[in-house]
Amino acid sequence: MQLRYAFRLYPDSGQRAALARAFGCARVVFNDAVRAREDARTAGEAFPTAGELSKKLITEAKQTTGRSWLGEVSSVVLQQALRDVEAAYKNFFASLKGARKGAKTGAPRFKSRKDNRQSIRFTANARWSITDSGRLNLPKIGAVRVKWSRALPSQPSSVTVIKDAAGRYFASFVIDTDPATDATRMPESNQMVGIDLGLTHFAVLSDGRVIDSPRFLRRAEKKLKRSQRELSRKQKGSKNREKARLKVARAHAKVTDARREFHHQLSTKLIRDNQAIGVEDLAVKGLARTRLAKSVHDAGWSAFVTMLEYKAARYGRTLVKIGRFEPTSQTCSACGIKDGPKPLNVREWTCTACGTLHDRDHNAAINVKTAAGLAVAACGAPVRPGLVPAQREETGSHGSPPEPRAA
């Protein structure tokens, strides 16, 4: 399995200028490639191949006056920009044919220098390296200081340098994990659990445990409103407006980072303690169009379930999703009688058949576990995880180790 390990970068002024040039050159090559393919489509001609685009937009363009500055950055960065265009068109056509799962993907669009996120990618051909002092040495950029939060488990195959909307720089390494090593990190467990995700509490487990919702966005709302109000009063194009924009972006980034850290810690704990987990497949897009939209987005259910998916696949656990139309809140977990729908303000109810008093969320978590078949699996039936692609946000950078660490 391939995972990404992200670490914070701290480039100096010269390195920031070099990174800005690299971002700009990669963006120009990307836009030139999109324009070349769109011109070919308009003219009714065949799309130019990757080799033709590389020769025309990089090799020959460096010899011209208008694009001579492309030689100031690593050629690998420019080649990877062309690969991104190819991947974007491949996903677009696969989406049109219905061969790609998920939401429909649109055609590639031109990138702007005002985009909130800029990135470049270095593969092994670029001869980047991690120095003995723990710095990331990038071609034509220099040795950039890295804030390591852990050692890399193996030699990375590539590194992507990212600048986010808050002006922070990150290095994202692609790592191939060792299944044997991952198996030893998470020994087998005989515990099974069902999870009911909600807004009153972030999660209620079938064993009775309750995880409160941190409500990161709600707690930061007052500060965000003040920062956004200050931004709206600044003159467009002024330096003060850019400072105010960064202030808003940093406030949002702080909320996002806190939510992601909470999801990682909780998902890792659940995967470590349980051999199998049942969770409901919630219709997040539909709920995000209701009056509960802000709270739904603040909870981040989709990101949390995605973390459970790839961590279960990595560590040999089983994650079972039940249908979103399963009446988990309407069924009595004691006798199995369906008692009918109930409004959201009803948090406790008594079964009319057996007289059992139920907490709404705890009862739903037990029904999720039962519907996922984990009650049978707990008796000894074998459970095996399915193949799930890993996500980008595998690890974060929080704090510096006492000494530099490298692969």
# chains A, B, ... in the order shown; residues from 1 in each chain; ligands from 1
call {"tool": "select_by_dssp", "arguments": {"residues": "segment 263-297 of chain A", "states": "alpha helix (DSSP H)", "output": "ChimeraX atom specification"}}
result
/A:263-273,284-287,293-297
call {"tool": "write_last_selection", "arguments": {"atoms": "C-alpha atoms", "output": "mmCIF file, in the first residue's frame"}}
result
data_model
loop_
_atom_site.group_PDB
_atom_site.id
_atom_site.type_symbol
_atom_site.label_atom_id
_atom_site.label_comp_id
_atom_site.auth_asym_id
_atom_site.auth_seq_id
_atom_site.Cartn_x
_atom_site.Cartn_y
_atom_site.Cartn_z
ATOM 1 C CA HIS A 263 -10.137 12.046 13.223
ATOM 2 C CA HIS A 264 -6.692 10.418 13.033
ATOM 3 C CA GLN A 265 -6.441 9.783 16.755
ATOM 4 C CA LEU A 266 -9.952 8.361 17.058
ATOM 5 C CA SER A 267 -9.759 6.208 13.910
ATOM 6 C CA THR A 268 -6.373 4.777 14.933
ATOM 7 C CA LYS A 269 -7.665 3.940 18.413
ATOM 8 C CA LEU A 270 -10.743 2.176 17.004
ATOM 9 C CA ILE A 271 -8.666 0.213 14.481
ATOM 10 C CA ARG A 272 -6.145 -0.789 17.163
ATOM 11 C CA ASP A 273 -8.772 -1.965 19.662
ATOM 12 C CA VAL A 284 -23.483 13.340 3.632
ATOM 13 C CA LYS A 285 -24.186 15.241 0.397
ATOM 14 C CA GLY A 286 -27.898 15.147 1.065
ATOM 15 C CA LEU A 287 -27.520 16.193 4.695
ATOM 16 C CA ALA A 293 -25.269 21.713 6.744
ATOM 17 C CA LYS A 294 -22.714 23.637 8.812
ATOM 18 C CA SER A 295 -22.786 21.099 11.638
ATOM 19 C CA VAL A 296 -22.519 18.187 9.171
ATOM 20 C CA HIS A 297 -19.450 19.700 7.524
#
call {"tool": "atom_distance", "arguments": {"atom1": "atom CA of Ser227 of chain A", "atom2": "atom CA of Gly167 of chain A"}}
result
16.5 Å
call {"tool": "residues_around", "arguments": {"residues": "segment 62-79 of chain A", "least_positions_apart": "3", "cutoff": "12 Å", "atoms": "only C-alpha atoms", "output": "ChimeraX atom specification"}}
result
/A:17-33,50-51,53-59,82-86,119-128,138-142,158-161
call {"tool": "atom_distance", "arguments": {"atom1": "atom CA of Leu292 of chain A", "atom2": "atom CA of Phe202 of chain A"}}
result
14.1 Å
call {"tool": "residues_around", "arguments": {"residues": "Ala249 of chain A", "least_positions_apart": "3", "cutoff": "6 Å", "atoms": "only C-alpha atoms", "output": "list in words"}}
result
Ala165, Ala166, Leu246 and His252 of chain A
call {"tool": "closest_residue", "arguments": {"among": "A:Lys111, A:Arg150, A:Lys104, A:Arg145", "to": "Ala81 of chain A", "atoms": "only C-alpha atoms"}}
result
A:Lys111
call {"tool": "closest_residue", "arguments": {"among": "A:Asp361, A:Ala371, A:Ser112, A:Phe7", "to": "Val210 of chain A", "atoms": "only C-alpha atoms"}}
result
A:Asp361
call {"tool": "residues_around", "arguments": {"residues": "segment 91-93 of chain A", "least_positions_apart": "4", "cutoff": "12 Å", "atoms": "only C-alpha atoms", "output": "MDAnalysis selection string"}}
result
chainID A and resid 84:87 97:109
call {"tool": "residues_around", "arguments": {"residues": "segment 326-331 of chain A", "least_positions_apart": "2", "cutoff": "8 Å", "atoms": "only C-alpha atoms", "output": "PyMOL selection string"}}
result
chain A and resi 322-324+333+336-342+360-361+363-365+367-368
call {"tool": "residues_around", "arguments": {"residues": "Arg241 of chain A", "least_positions_apart": "5", "cutoff": "12 Å", "atoms": "only C-alpha atoms", "output": "MDAnalysis selection string"}}
result
chainID A and resid 227:236 246:248
call {"tool": "select_by_dssp", "arguments": {"residues": "segment 304-361 of chain A", "states": "strand (DSSP E or B)", "output": "VMD selection string"}}
result
chain A and resid 318 to 322 331 338 348 to 350 357 to 359
